[in-house]
$ cat entry_10.pdb   # PDB, N, CA and C atoms
ATOM      1  N   MET A  21       0.838  -1.162   0.000
ATOM      2  CA  MET A  21       0.000   0.000   0.000
ATOM      3  C   MET A  21       0.897   1.244   0.000
ATOM      4  N   ALA A  22       0.645   2.162  -0.888
ATOM      5  CA  ALA A  22       1.437   3.381  -0.990
ATOM      6  C   ALA A  22       1.039   4.376   0.086
ATOM      7  N   GLN A  23       2.043   5.068   0.596
ATOM      8  CA  GLN A  23       1.794   6.093   1.601
ATOM      9  C   GLN A  23       1.606   7.427   0.902
ATOM     10  N   SER A  24       0.577   8.167   1.279
ATOM     11  CA  SER A  24       0.403   9.502   0.727
ATOM     12  C   SER A  24       0.759  10.510   1.807
ATOM     13  N   ARG A  25       1.333  11.607   1.385
ATOM     14  CA  ARG A  25       1.740  12.643   2.328
ATOM     15  C   ARG A  25       1.018  13.923   1.972
ATOM     16  N   SER A  26       0.433  14.546   2.953
ATOM     17  CA  SER A  26      -0.274  15.802   2.719
ATOM     18  C   SER A  26       0.558  17.003   3.142
ATOM     19  N   ASN A  27       1.731  16.765   3.705
ATOM     20  CA  ASN A  27       2.564  17.864   4.176
ATOM     21  C   ASN A  27       3.684  18.177   3.170
ATOM     22  N   ASN A  28       3.276  18.534   1.973
ATOM     23  CA  ASN A  28       4.242  18.890   0.938
ATOM     24  C   ASN A  28       4.836  20.255   1.229
ATOM     25  N   LEU A  29       6.119  20.407   0.984
ATOM     26  CA  LEU A  29       6.792  21.672   1.225
ATOM     27  C   LEU A  29       6.428  22.680   0.145
ATOM     28  N   VAL A  30       6.179  23.903   0.562
ATOM     29  CA  VAL A  30       5.915  24.988  -0.381
ATOM     30  C   VAL A  30       7.217  25.349  -1.098
ATOM     31  N   VAL A  31       8.326  25.317  -0.338
ATOM     32  CA  VAL A  31       9.649  25.608  -0.890
ATOM     33  C   VAL A  31      10.494  24.349  -0.713
ATOM     34  N   PRO A  32      10.548  23.489  -1.731
ATOM     35  CA  PRO A  32      11.278  22.218  -1.594
ATOM     36  C   PRO A  32      12.755  22.382  -1.225
ATOM     37  N   GLN A  33      13.351  23.514  -1.562
ATOM     38  CA  GLN A  33      14.758  23.746  -1.235
ATOM     39  C   GLN A  33      14.971  23.881   0.273
ATOM     40  N   ALA A  34      13.912  24.061   1.039
ATOM     41  CA  ALA A  34      14.016  24.205   2.489
ATOM     42  C   ALA A  34      14.106  22.858   3.203
ATOM     43  N   ARG A  35      13.976  21.770   2.473
ATOM     44  CA  ARG A  35      13.959  20.432   3.082
ATOM     45  C   ARG A  35      15.186  20.179   3.969
ATOM     46  N   THR A  36      16.359  20.520   3.497
ATOM     47  CA  THR A  36      17.588  20.273   4.259
ATOM     48  C   THR A  36      17.601  21.092   5.551
ATOM     49  N   ALA A  37      17.223  22.358   5.457
ATOM     50  CA  ALA A  37      17.203  23.216   6.648
ATOM     51  C   ALA A  37      16.186  22.713   7.663
ATOM     52  N   LEU A  38      15.024  22.281   7.205
ATOM     53  CA  LEU A  38      14.005  21.759   8.116
ATOM     54  C   LEU A  38      14.455  20.457   8.767
ATOM     55  N   GLN A  39      15.128  19.618   8.013
ATOM     56  CA  GLN A  39      15.653  18.361   8.562
ATOM     57  C   GLN A  39      16.694  18.656   9.633
ATOM     58  N   GLN A  40      17.556  19.645   9.377
ATOM     59  CA  GLN A  40      18.575  20.035  10.359
ATOM     60  C   GLN A  40      17.909  20.590  11.624
ATOM     61  N   MET A  41      16.859  21.396  11.436
ATOM     62  CA  MET A  41      16.140  21.948  12.578
ATOM     63  C   MET A  41      15.510  20.822  13.400
ATOM     64  N   LYS A  42      14.974  19.817  12.734
ATOM     65  CA  LYS A  42      14.370  18.678  13.428
ATOM     66  C   LYS A  42      15.422  17.955  14.269
ATOM     67  N   MET A  43      16.597  17.743  13.707
ATOM     68  CA  MET A  43      17.658  17.057  14.438
ATOM     69  C   MET A  43      18.113  17.867  15.648
ATOM     70  N   GLU A  44      18.268  19.182  15.469
ATOM     71  CA  GLU A  44      18.683  20.048  16.572
ATOM     72  C   GLU A  44      17.626  20.055  17.680
ATOM     73  N   ALA A  45      16.362  20.164  17.293
ATOM     74  CA  ALA A  45      15.277  20.181  18.276
ATOM     75  C   ALA A  45      15.225  18.862  19.036
ATOM     76  N   ALA A  46      15.360  17.763  18.337
ATOM     77  CA  ALA A  46      15.336  16.449  18.986
ATOM     78  C   ALA A  46      16.482  16.325  19.981
ATOM     79  N   GLN A  47      17.642  16.812  19.607
ATOM     80  CA  GLN A  47      18.798  16.749  20.501
ATOM     81  C   GLN A  47      18.551  17.600  21.749
ATOM     82  N   GLU A  48      18.008  18.802  21.558
ATOM     83  CA  GLU A  48      17.723  19.677  22.699
ATOM     84  C   GLU A  48      16.688  19.064  23.636
ATOM     85  N   LEU A  49      15.729  18.337  23.074
ATOM     86  CA  LEU A  49      14.671  17.717  23.880
ATOM     87  C   LEU A  49      15.043  16.331  24.391
ATOM     88  N   GLY A  50      16.167  15.799  23.928
ATOM     89  CA  GLY A  50      16.593  14.471  24.351
ATOM     90  C   GLY A  50      15.797  13.353  23.711
ATOM     91  N   ILE A  51      15.316  13.593  22.490
ATOM     92  CA  ILE A  51      14.520  12.608  21.764
ATOM     93  C   ILE A  51      15.387  11.990  20.670
ATOM     94  N   GLN A  52      15.365  10.670  20.584
ATOM     95  CA  GLN A  52      16.131   9.959  19.557
ATOM     96  C   GLN A  52      15.295   9.825  18.289
ATOM     97  N   ILE A  53      15.776  10.397  17.180
ATOM     98  CA  ILE A  53      15.091  10.293  15.888
ATOM     99  C   ILE A  53      15.441   8.934  15.277
ATOM    100  N   PRO A  54      14.445   8.159  14.842
ATOM    101  CA  PRO A  54      14.732   6.858  14.239
ATOM    102  C   PRO A  54      15.520   7.009  12.931
ATOM    103  N   GLN A  55      16.585   6.264  12.795
ATOM    104  CA  GLN A  55      17.433   6.339  11.609
ATOM    105  C   GLN A  55      16.720   5.844  10.360
ATOM    106  N   ASP A  56      15.778   4.921  10.534
ATOM    107  CA  ASP A  56      15.079   4.369   9.370
ATOM    108  C   ASP A  56      13.893   5.228   8.924
ATOM    109  N   GLY A  57      13.608   6.306   9.685
ATOM    110  CA  GLY A  57      12.521   7.204   9.307
ATOM    111  C   GLY A  57      11.148   6.742   9.749
ATOM    112  N   TYR A  58      11.058   5.617  10.450
ATOM    113  CA  TYR A  58       9.777   5.091  10.920
ATOM    114  C   TYR A  58       9.515   5.609  12.331
ATOM    115  N   TYR A  59       8.498   6.428  12.470
ATOM    116  CA  TYR A  59       8.187   7.056  13.749
ATOM    117  C   TYR A  59       7.153   6.269  14.554
ATOM    118  N   GLY A  60       6.741   5.117  14.081
ATOM    119  CA  GLY A  60       5.710   4.323  14.731
ATOM    120  C   GLY A  60       6.069   3.823  16.117
ATOM    121  N   ASN A  61       7.348   3.741  16.426
ATOM    122  CA  ASN A  61       7.772   3.278  17.742
ATOM    123  C   ASN A  61       7.952   4.420  18.740
ATOM    124  N   MET A  62       7.735   5.649  18.288
ATOM    125  CA  MET A  62       7.852   6.802  19.181
ATOM    126  C   MET A  62       6.493   7.070  19.827
ATOM    127  N   THR A  63       6.524   7.628  21.018
ATOM    128  CA  THR A  63       5.272   7.944  21.693
ATOM    129  C   THR A  63       4.663   9.214  21.103
ATOM    130  N   SER A  64       3.373   9.367  21.301
ATOM    131  CA  SER A  64       2.690  10.585  20.852
ATOM    132  C   SER A  64       3.269  11.802  21.559
ATOM    133  N   ARG A  65       3.657  11.625  22.789
ATOM    134  CA  ARG A  65       4.241  12.727  23.554
ATOM    135  C   ARG A  65       5.552  13.183  22.921
ATOM    136  N   GLU A  66       6.389  12.235  22.509
ATOM    137  CA  GLU A  66       7.673  12.583  21.891
ATOM    138  C   GLU A  66       7.470  13.308  20.563
ATOM    139  N   THR A  67       6.643  12.747  19.706
ATOM    140  CA  THR A  67       6.439  13.370  18.394
ATOM    141  C   THR A  67       5.723  14.707  18.536
ATOM    142  N   GLY A  68       4.773  14.806  19.471
ATOM    143  CA  GLY A  68       4.080  16.065  19.700
ATOM    144  C   GLY A  68       5.002  17.134  20.251
ATOM    145  N   SER A  69       5.869  16.746  21.171
ATOM    146  CA  SER A  69       6.840  17.685  21.729
ATOM    147  C   SER A  69       7.779  18.198  20.651
ATOM    148  N   LEU A  70       8.215  17.295  19.821
ATOM    149  CA  LEU A  70       9.136  17.664  18.745
ATOM    150  C   LEU A  70       8.459  18.617  17.757
ATOM    151  N   GLY A  71       7.259  18.275  17.329
ATOM    152  CA  GLY A  71       6.527  19.130  16.395
ATOM    153  C   GLY A  71       6.201  20.488  16.985
ATOM    154  N   GLY A  72       5.797  20.506  18.243
ATOM    155  CA  GLY A  72       5.482  21.761  18.910
ATOM    156  C   GLY A  72       6.701  22.652  19.068
ATOM    157  N   TYR A  73       7.820  22.045  19.408
ATOM    158  CA  TYR A  73       9.065  22.795  19.583
ATOM    159  C   TYR A  73       9.526  23.401  18.262
ATOM    160  N   ILE A  74       9.444  22.622  17.199
ATOM    161  CA  ILE A  74       9.830  23.116  15.871
ATOM    162  C   ILE A  74       8.908  24.262  15.456
ATOM    163  N   THR A  75       7.610  24.108  15.679
ATOM    164  CA  THR A  75       6.662  25.161  15.337
ATOM    165  C   THR A  75       6.962  26.436  16.117
ATOM    166  N   LYS A  76       7.258  26.293  17.393
ATOM    167  CA  LYS A  76       7.596  27.443  18.231
ATOM    168  C   LYS A  76       8.812  28.171  17.663
ATOM    169  N   ARG A  77       9.837  27.430  17.277
ATOM    170  CA  ARG A  77      11.050  28.053  16.722
ATOM    171  C   ARG A  77      10.774  28.721  15.376
ATOM    172  N   LEU A  78       9.944  28.096  14.542
ATOM    173  CA  LEU A  78       9.602  28.702  13.249
ATOM    174  C   LEU A  78       8.824  29.999  13.430
ATOM    175  N   VAL A  79       7.917  30.026  14.400
ATOM    176  CA  VAL A  79       7.162  31.249  14.682
ATOM    177  C   VAL A  79       8.105  32.336  15.187
ATOM    178  N   GLN A  80       9.032  31.989  16.067
ATOM    179  CA  GLN A  80      10.005  32.959  16.556
ATOM    180  C   GLN A  80      10.835  33.529  15.405
ATOM    181  N   MET A  81      11.262  32.659  14.493
ATOM    182  CA  MET A  81      12.051  33.112  13.345
ATOM    183  C   MET A  81      11.234  34.060  12.469
ATOM    184  N   ALA A  82       9.970  33.735  12.248
ATOM    185  CA  ALA A  82       9.103  34.583  11.424
ATOM    186  C   ALA A  82       8.876  35.929  12.098
ATOM    187  N   GLU A  83       8.650  35.934  13.400
ATOM    188  CA  GLU A  83       8.444  37.183  14.124
ATOM    189  C   GLU A  83       9.680  38.065  14.047
ATOM    190  N   GLN A  84      10.853  37.477  14.205
ATOM    191  CA  GLN A  84      12.098  38.235  14.117
ATOM    192  C   GLN A  84      12.272  38.803  12.721
ATOM    193  N   SER A  85      11.964  37.996  11.724
ATOM    194  CA  SER A  85      12.092  38.435  10.339
ATOM    195  C   SER A  85      11.138  39.582  10.040
ATOM    196  N   MET A  86       9.909  39.476  10.535
ATOM    197  CA  MET A  86       8.913  40.510  10.287
ATOM    198  C   MET A  86       9.204  41.808  11.029
ATOM    199  N   SER A  87       9.903  41.708  12.169
ATOM    200  CA  SER A  87      10.232  42.895  12.942
ATOM    201  C   SER A  87      11.524  43.552  12.446
ATOM    202  N   GLY A  88      12.196  42.908  11.511
ATOM    203  CA  GLY A  88      13.423  43.464  10.951
ATOM    204  C   GLY A  88      14.681  43.037  11.672
ATOM    205  N   ARG A  89      14.534  42.245  12.741
ATOM    206  CA  ARG A  89      15.714  41.736  13.469
ATOM    207  C   ARG A  89      16.142  40.416  12.875
ATOM    208  N   GLN A  90      17.395  40.147  12.873
ATOM    209  CA  GLN A  90      17.915  38.866  12.391
ATOM    210  C   GLN A  90      18.649  38.138  13.436
TER     211      GLN A  90
END
$ encode --input "entry_10.pdb" --output "C-alpha coordinates"
Amino acid sequence: MAQSRSNNLVVPQARTALQQMKMEAAQELGIQIPQDGYYGNMTSRETGSLGGYITKRLVQMAEQSMSGRQ
(Lines of atoms letter the chains of each structure in order from A and count residues from 1; the text may use other names and numbers.)
(Lines give C-alpha, C1' and ligand atoms only; values in the text may rest on other atoms or scores of the structure.)
Protein backbone atom coordinates (compact mmCIF):
# COMPACT_ATOMS: atom_id res chain seq x y z
CA MET A 1 0.00 0.00 0.00
CA ALA A 2 1.44 3.38 -0.99
CA GLN A 3 1.79 6.09 1.60
CA SER A 4 0.40 9.50 0.73
CA ARG A 5 1.74 12.64 2.33
CA SER A 6 -0.27 15.80 2.72
CA ASN A 7 2.56 17.86 4.18
CA ASN A 8 4.24 18.89 0.94
CA LEU A 9 6.79 21.67 1.22
CA VAL A 10 5.91 24.99 -0.38
CA VAL A 11 9.65 25.61 -0.89
CA PRO A 12 11.28 22.22 -1.59
CA GLN A 13 14.76 23.75 -1.23
CA ALA A 14 14.02 24.20 2.49
CA ARG A 15 13.96 20.43 3.08
CA THR A 16 17.59 20.27 4.26
CA ALA A 17 17.20 23.22 6.65
CA LEU A 18 14.00 21.76 8.12
CA GLN A 19 15.65 18.36 8.56
CA GLN A 20 18.57 20.04 10.36
CA MET A 21 16.14 21.95 12.58
CA LYS A 22 14.37 18.68 13.43
CA MET A 23 17.66 17.06 14.44
CA GLU A 24 18.68 20.05 16.57
CA ALA A 25 15.28 20.18 18.28
CA ALA A 26 15.34 16.45 18.99
CA GLN A 27 18.80 16.75 20.50
CA GLU A 28 17.72 19.68 22.70
CA LEU A 29 14.67 17.72 23.88
CA GLY A 30 16.59 14.47 24.35
CA ILE A 31 14.52 12.61 21.76
CA GLN A 32 16.13 9.96 19.56
CA ILE A 33 15.09 10.29 15.89
CA PRO A 34 14.73 6.86 14.24
CA GLN A 35 17.43 6.34 11.61
CA ASP A 36 15.08 4.37 9.37
CA GLY A 37 12.52 7.20 9.31
CA TYR A 38 9.78 5.09 10.92
CA TYR A 39 8.19 7.06 13.75
CA GLY A 40 5.71 4.32 14.73
CA ASN A 41 7.77 3.28 17.74
CA MET A 42 7.85 6.80 19.18
CA THR A 43 5.27 7.94 21.69
CA SER A 44 2.69 10.58 20.85
CA ARG A 45 4.24 12.73 23.55
CA GLU A 46 7.67 12.58 21.89
CA THR A 47 6.44 13.37 18.39
CA GLY A 48 4.08 16.07 19.70
CA SER A 49 6.84 17.69 21.73
CA LEU A 50 9.14 17.66 18.75
CA GLY A 51 6.53 19.13 16.39
CA GLY A 52 5.48 21.76 18.91
CA TYR A 53 9.06 22.80 19.58
CA ILE A 54 9.83 23.12 15.87
CA THR A 55 6.66 25.16 15.34
CA LYS A 56 7.60 27.44 18.23
CA ARG A 57 11.05 28.05 16.72
CA LEU A 58 9.60 28.70 13.25
CA VAL A 59 7.16 31.25 14.68
CA GLN A 60 10.01 32.96 16.56
CA MET A 61 12.05 33.11 13.35
CA ALA A 62 9.10 34.58 11.42
CA GLU A 63 8.44 37.18 14.12
CA GLN A 64 12.10 38.23 14.12
CA SER A 65 12.09 38.44 10.34
CA MET A 66 8.91 40.51 10.29
CA SER A 67 10.23 42.90 12.94
CA GLY A 68 13.42 43.46 10.95
CA ARG A 69 15.71 41.74 13.47
CA GLN A 70 17.92 38.87 12.39
$ closest_residue --input "entry_10.pdb" --among "A:Gln47, A:Pro54, A:Lys42, A:Gly60" --to "A:Gly72" --atoms "only C-alpha atoms"
A:Lys42
$ closest_residue --input "entry_10.pdb" --among "A:Asn61, A:Pro32, A:Ser69, A:Ser26" --to "A:Ala46" --atoms "all atoms listed in the file"
A:Ser69
$ atom_distance --input "entry_10.pdb" --atom1 "atom C of A:Asp56" --atom2 "atom C of A:Asn28"
19.2 Å
$ residues_around --input "entry_10.pdb" --residues "A:Tyr73" --least-positions-apart "2" --cutoff "12 Å" --atoms "only C-alpha atoms" --output "ChimeraX atom specification"
/A:41-49,51,65-71,75-80
$ atom_distance --input "entry_10.pdb" --atom1 "atom CA of A:Tyr58" --atom2 "atom C of A:Gln33"
22.2 Å
$ select_by_dssp --input "entry_10.pdb" --residues "stretch 30-75 of chain A" --states "alpha helix (DSSP H)" --output "PDB file with N, CA and C atoms, in the coordinates of the input"
ATOM      1  N   ARG A  35      13.976  21.770   2.473  1.00  0.00           N
ATOM      2  CA  ARG A  35      13.959  20.432   3.082  1.00  0.00           C
ATOM      3  C   ARG A  35      15.186  20.179   3.969  1.00  0.00           C
ATOM      4  N   THR A  36      16.359  20.520   3.497  1.00  0.00           N
ATOM      5  CA  THR A  36      17.588  20.273   4.259  1.00  0.00           C
ATOM      6  C   THR A  36      17.601  21.092   5.551  1.00  0.00           C
ATOM      7  N   ALA A  37      17.223  22.358   5.457  1.00  0.00           N
ATOM      8  CA  ALA A  37      17.203  23.216   6.648  1.00  0.00           C
ATOM      9  C   ALA A  37      16.186  22.713   7.663  1.00  0.00           C
ATOM     10  N   LEU A  38      15.024  22.281   7.205  1.00  0.00           N
ATOM     11  CA  LEU A  38      14.005  21.759   8.116  1.00  0.00           C
ATOM     12  C   LEU A  38      14.455  20.457   8.767  1.00  0.00           C
ATOM     13  N   GLN A  39      15.128  19.618   8.013  1.00  0.00           N
ATOM     14  CA  GLN A  39      15.653  18.361   8.562  1.00  0.00           C
ATOM     15  C   GLN A  39      16.694  18.656   9.633  1.00  0.00           C
ATOM     16  N   GLN A  40      17.556  19.645   9.377  1.00  0.00           N
ATOM     17  CA  GLN A  40      18.575  20.035  10.359  1.00  0.00           C
ATOM     18  C   GLN A  40      17.909  20.590  11.624  1.00  0.00           C
ATOM     19  N   MET A  41      16.859  21.396  11.436  1.00  0.00           N
ATOM     20  CA  MET A  41      16.140  21.948  12.578  1.00  0.00           C
ATOM     21  C   MET A  41      15.510  20.822  13.400  1.00  0.00           C
ATOM     22  N   LYS A  42      14.974  19.817  12.734  1.00  0.00           N
ATOM     23  CA  LYS A  42      14.370  18.678  13.428  1.00  0.00           C
ATOM     24  C   LYS A  42      15.422  17.955  14.269  1.00  0.00           C
ATOM     25  N   MET A  43      16.597  17.743  13.707  1.00  0.00           N
ATOM     26  CA  MET A  43      17.658  17.057  14.438  1.00  0.00           C
ATOM     27  C   MET A  43      18.113  17.867  15.648  1.00  0.00           C
ATOM     28  N   GLU A  44      18.268  19.182  15.469  1.00  0.00           N
ATOM     29  CA  GLU A  44      18.683  20.048  16.572  1.00  0.00           C
ATOM     30  C   GLU A  44      17.626  20.055  17.680  1.00  0.00           C
ATOM     31  N   ALA A  45      16.362  20.164  17.293  1.00  0.00           N
ATOM     32  CA  ALA A  45      15.277  20.181  18.276  1.00  0.00           C
ATOM     33  C   ALA A  45      15.225  18.862  19.036  1.00  0.00           C
ATOM     34  N   ALA A  46      15.360  17.763  18.337  1.00  0.00           N
ATOM     35  CA  ALA A  46      15.336  16.449  18.986  1.00  0.00           C
ATOM     36  C   ALA A  46      16.482  16.325  19.981  1.00  0.00           C
ATOM     37  N   GLN A  47      17.642  16.812  19.607  1.00  0.00           N
ATOM     38  CA  GLN A  47      18.798  16.749  20.501  1.00  0.00           C
ATOM     39  C   GLN A  47      18.551  17.600  21.749  1.00  0.00           C
ATOM     40  N   GLU A  48      18.008  18.802  21.558  1.00  0.00           N
ATOM     41  CA  GLU A  48      17.723  19.677  22.699  1.00  0.00           C
ATOM     42  C   GLU A  48      16.688  19.064  23.636  1.00  0.00           C
ATOM     43  N   LEU A  49      15.729  18.337  23.074  1.00  0.00           N
ATOM     44  CA  LEU A  49      14.671  17.717  23.880  1.00  0.00           C
ATOM     45  C   LEU A  49      15.043  16.331  24.391  1.00  0.00           C
ATOM     46  N   SER A  64       3.373   9.367  21.301  1.00  0.00           N
ATOM     47  CA  SER A  64       2.690  10.585  20.852  1.00  0.00           C
ATOM     48  C   SER A  64       3.269  11.802  21.559  1.00  0.00           C
ATOM     49  N   ARG A  65       3.657  11.625  22.789  1.00  0.00           N
ATOM     50  CA  ARG A  65       4.241  12.727  23.554  1.00  0.00           C
ATOM     51  C   ARG A  65       5.552  13.183  22.921  1.00  0.00           C
ATOM     52  N   GLU A  66       6.389  12.235  22.509  1.00  0.00           N
ATOM     53  CA  GLU A  66       7.673  12.583  21.891  1.00  0.00           C
ATOM     54  C   GLU A  66       7.470  13.308  20.563  1.00  0.00           C
ATOM     55  N   THR A  67       6.643  12.747  19.706  1.00  0.00           N
ATOM     56  CA  THR A  67       6.439  13.370  18.394  1.00  0.00           C
ATOM     57  C   THR A  67       5.723  14.707  18.536  1.00  0.00           C
ATOM     58  N   GLY A  68       4.773  14.806  19.471  1.00  0.00           N
ATOM     59  CA  GLY A  68       4.080  16.065  19.700  1.00  0.00           C
ATOM     60  C   GLY A  68       5.002  17.134  20.251  1.00  0.00           C
ATOM     61  N   SER A  69       5.869  16.746  21.171  1.00  0.00           N
ATOM     62  CA  SER A  69       6.840  17.685  21.729  1.00  0.00           C
ATOM     63  C   SER A  69       7.779  18.198  20.651  1.00  0.00           C
ATOM     64  N   LEU A  70       8.215  17.295  19.821  1.00  0.00           N
ATOM     65  CA  LEU A  70       9.136  17.664  18.745  1.00  0.00           C
ATOM     66  C   LEU A  70       8.459  18.617  17.757  1.00  0.00           C
ATOM     67  N   GLY A  71       7.259  18.275  17.329  1.00  0.00           N
ATOM     68  CA  GLY A  71       6.527  19.130  16.395  1.00  0.00           C
ATOM     69  C   GLY A  71       6.201  20.488  16.985  1.00  0.00           C
ATOM     70  N   GLY A  72       5.797  20.506  18.243  1.00  0.00           N
ATOM     71  CA  GLY A  72       5.482  21.761  18.910  1.00  0.00           C
ATOM     72  C   GLY A  72       6.701  22.652  19.068  1.00  0.00           C
ATOM     73  N   TYR A  73       7.820  22.045  19.408  1.00  0.00           N
ATOM     74  CA  TYR A  73       9.065  22.795  19.583  1.00  0.00           C
ATOM     75  C   TYR A  73       9.526  23.401  18.262  1.00  0.00           C
ATOM     76  N   ILE A  74       9.444  22.622  17.199  1.00  0.00           N
ATOM     77  CA  ILE A  74       9.830  23.116  15.871  1.00  0.00           C
ATOM     78  C   ILE A  74       8.908  24.262  15.456  1.00  0.00           C
ATOM     79  N   THR A  75       7.610  24.108  15.679  1.00  0.00           N
ATOM     80  CA  THR A  75       6.662  25.161  15.337  1.00  0.00           C
ATOM     81  C   THR A  75       6.962  26.436  16.117  1.00  0.00           C
TER      82      THR A  75
END
$ axis_aligned_box --input "entry_10.pdb" --around "stretch 44-63 of chain A" --padding-each-side "4 Å" --output "JSON"
{"center_x": 11.7, "center_y": 11.7, "center_z": 16.7, "size_x": 22.1, "size_y": 24.9, "size_z": 23.5}
$ atom_distance --input "entry_10.pdb" --atom1 "atom CA of A:Ala82" --atom2 "atom C of A:Leu29"
16.6 Å
$ build_atoms --input "entry_10.pdb" --residues "stretch 64-75 of chain A" --atoms "all heavy atoms" --output "tab-separated table (two decimals), in the frame of the given file"
chain	number	residue	atom	x	y	z
A	64	SER	N	3.37	9.37	21.30
A	64	SER	CA	2.69	10.58	20.85
A	64	SER	C	3.27	11.80	21.56
A	64	SER	O	3.37	12.88	20.98
A	64	SER	CB	1.19	10.50	21.15
A	64	SER	OG	0.61	9.45	20.41
A	65	ARG	N	3.66	11.62	22.79
A	65	ARG	CA	4.24	12.73	23.55
A	65	ARG	C	5.55	13.18	22.92
A	65	ARG	O	5.81	14.38	22.81
A	65	ARG	CB	4.46	12.30	25.00
A	65	ARG	CG	4.99	13.41	25.87
A	65	ARG	CD	5.19	12.93	27.30
A	65	ARG	NE	5.45	14.03	28.16
A	65	ARG	CZ	4.58	14.57	29.00
A	65	ARG	NH1	3.37	14.07	29.09
A	65	ARG	NH2	4.92	15.59	29.75
A	66	GLU	N	6.39	12.24	22.51
A	66	GLU	CA	7.67	12.58	21.89
A	66	GLU	C	7.47	13.31	20.56
A	66	GLU	O	8.07	14.37	20.33
A	66	GLU	CB	8.52	11.33	21.66
A	66	GLU	CG	9.06	10.71	22.91
A	66	GLU	CD	9.75	9.38	22.65
A	66	GLU	OE1	9.33	8.64	21.74
A	66	GLU	OE2	10.71	9.10	23.37
A	67	THR	N	6.64	12.75	19.71
A	67	THR	CA	6.44	13.37	18.39
A	67	THR	C	5.72	14.71	18.54
A	67	THR	O	6.04	15.66	17.83
A	67	THR	CB	5.66	12.44	17.44
A	67	THR	OG1	4.42	12.07	18.03
A	67	THR	CG2	6.47	11.21	17.09
A	68	GLY	N	4.77	14.81	19.47
A	68	GLY	CA	4.08	16.07	19.70
A	68	GLY	C	5.00	17.13	20.25
A	68	GLY	O	4.93	18.30	19.84
A	69	SER	N	5.87	16.75	21.17
A	69	SER	CA	6.84	17.68	21.73
A	69	SER	C	7.78	18.20	20.65
A	69	SER	O	8.08	19.39	20.59
A	69	SER	CB	7.67	17.02	22.84
A	69	SER	OG	6.86	16.69	23.93
A	70	LEU	N	8.22	17.30	19.82
A	70	LEU	CA	9.14	17.66	18.74
A	70	LEU	C	8.46	18.62	17.76
A	70	LEU	O	9.01	19.66	17.42
A	70	LEU	CB	9.64	16.41	18.03
A	70	LEU	CG	10.70	16.59	16.97
A	70	LEU	CD1	11.92	17.31	17.53
A	70	LEU	CD2	11.11	15.24	16.42
A	71	GLY	N	7.26	18.27	17.33
A	71	GLY	CA	6.53	19.13	16.40
A	71	GLY	C	6.20	20.49	16.98
A	71	GLY	O	6.33	21.52	16.32
A	72	GLY	N	5.80	20.51	18.24
A	72	GLY	CA	5.48	21.76	18.91
A	72	GLY	C	6.70	22.65	19.07
A	72	GLY	O	6.63	23.86	18.88
A	73	TYR	N	7.82	22.04	19.41
A	73	TYR	CA	9.06	22.80	19.58
A	73	TYR	C	9.53	23.40	18.26
A	73	TYR	O	9.93	24.56	18.21
A	73	TYR	CB	10.14	21.87	20.16
A	73	TYR	CG	11.40	22.58	20.59
A	73	TYR	CD1	11.47	23.20	21.82
A	73	TYR	CD2	12.52	22.61	19.78
A	73	TYR	CE1	12.62	23.85	22.23
A	73	TYR	CE2	13.68	23.26	20.17
A	73	TYR	CZ	13.72	23.88	21.40
A	73	TYR	OH	14.86	24.52	21.80
A	74	ILE	N	9.44	22.62	17.20
A	74	ILE	CA	9.83	23.12	15.87
A	74	ILE	C	8.91	24.26	15.46
A	74	ILE	O	9.37	25.30	14.96
A	74	ILE	CB	9.82	21.98	14.83
A	74	ILE	CG1	10.95	20.99	15.13
A	74	ILE	CG2	9.94	22.53	13.41
A	74	ILE	CD1	10.88	19.71	14.33
A	75	THR	N	7.61	24.11	15.68
A	75	THR	CA	6.66	25.16	15.34
A	75	THR	C	6.96	26.44	16.12
A	75	THR	O	6.95	27.54	15.56
A	75	THR	CB	5.22	24.70	15.61
A	75	THR	OG1	4.96	23.53	14.82
A	75	THR	CG2	4.21	25.78	15.27
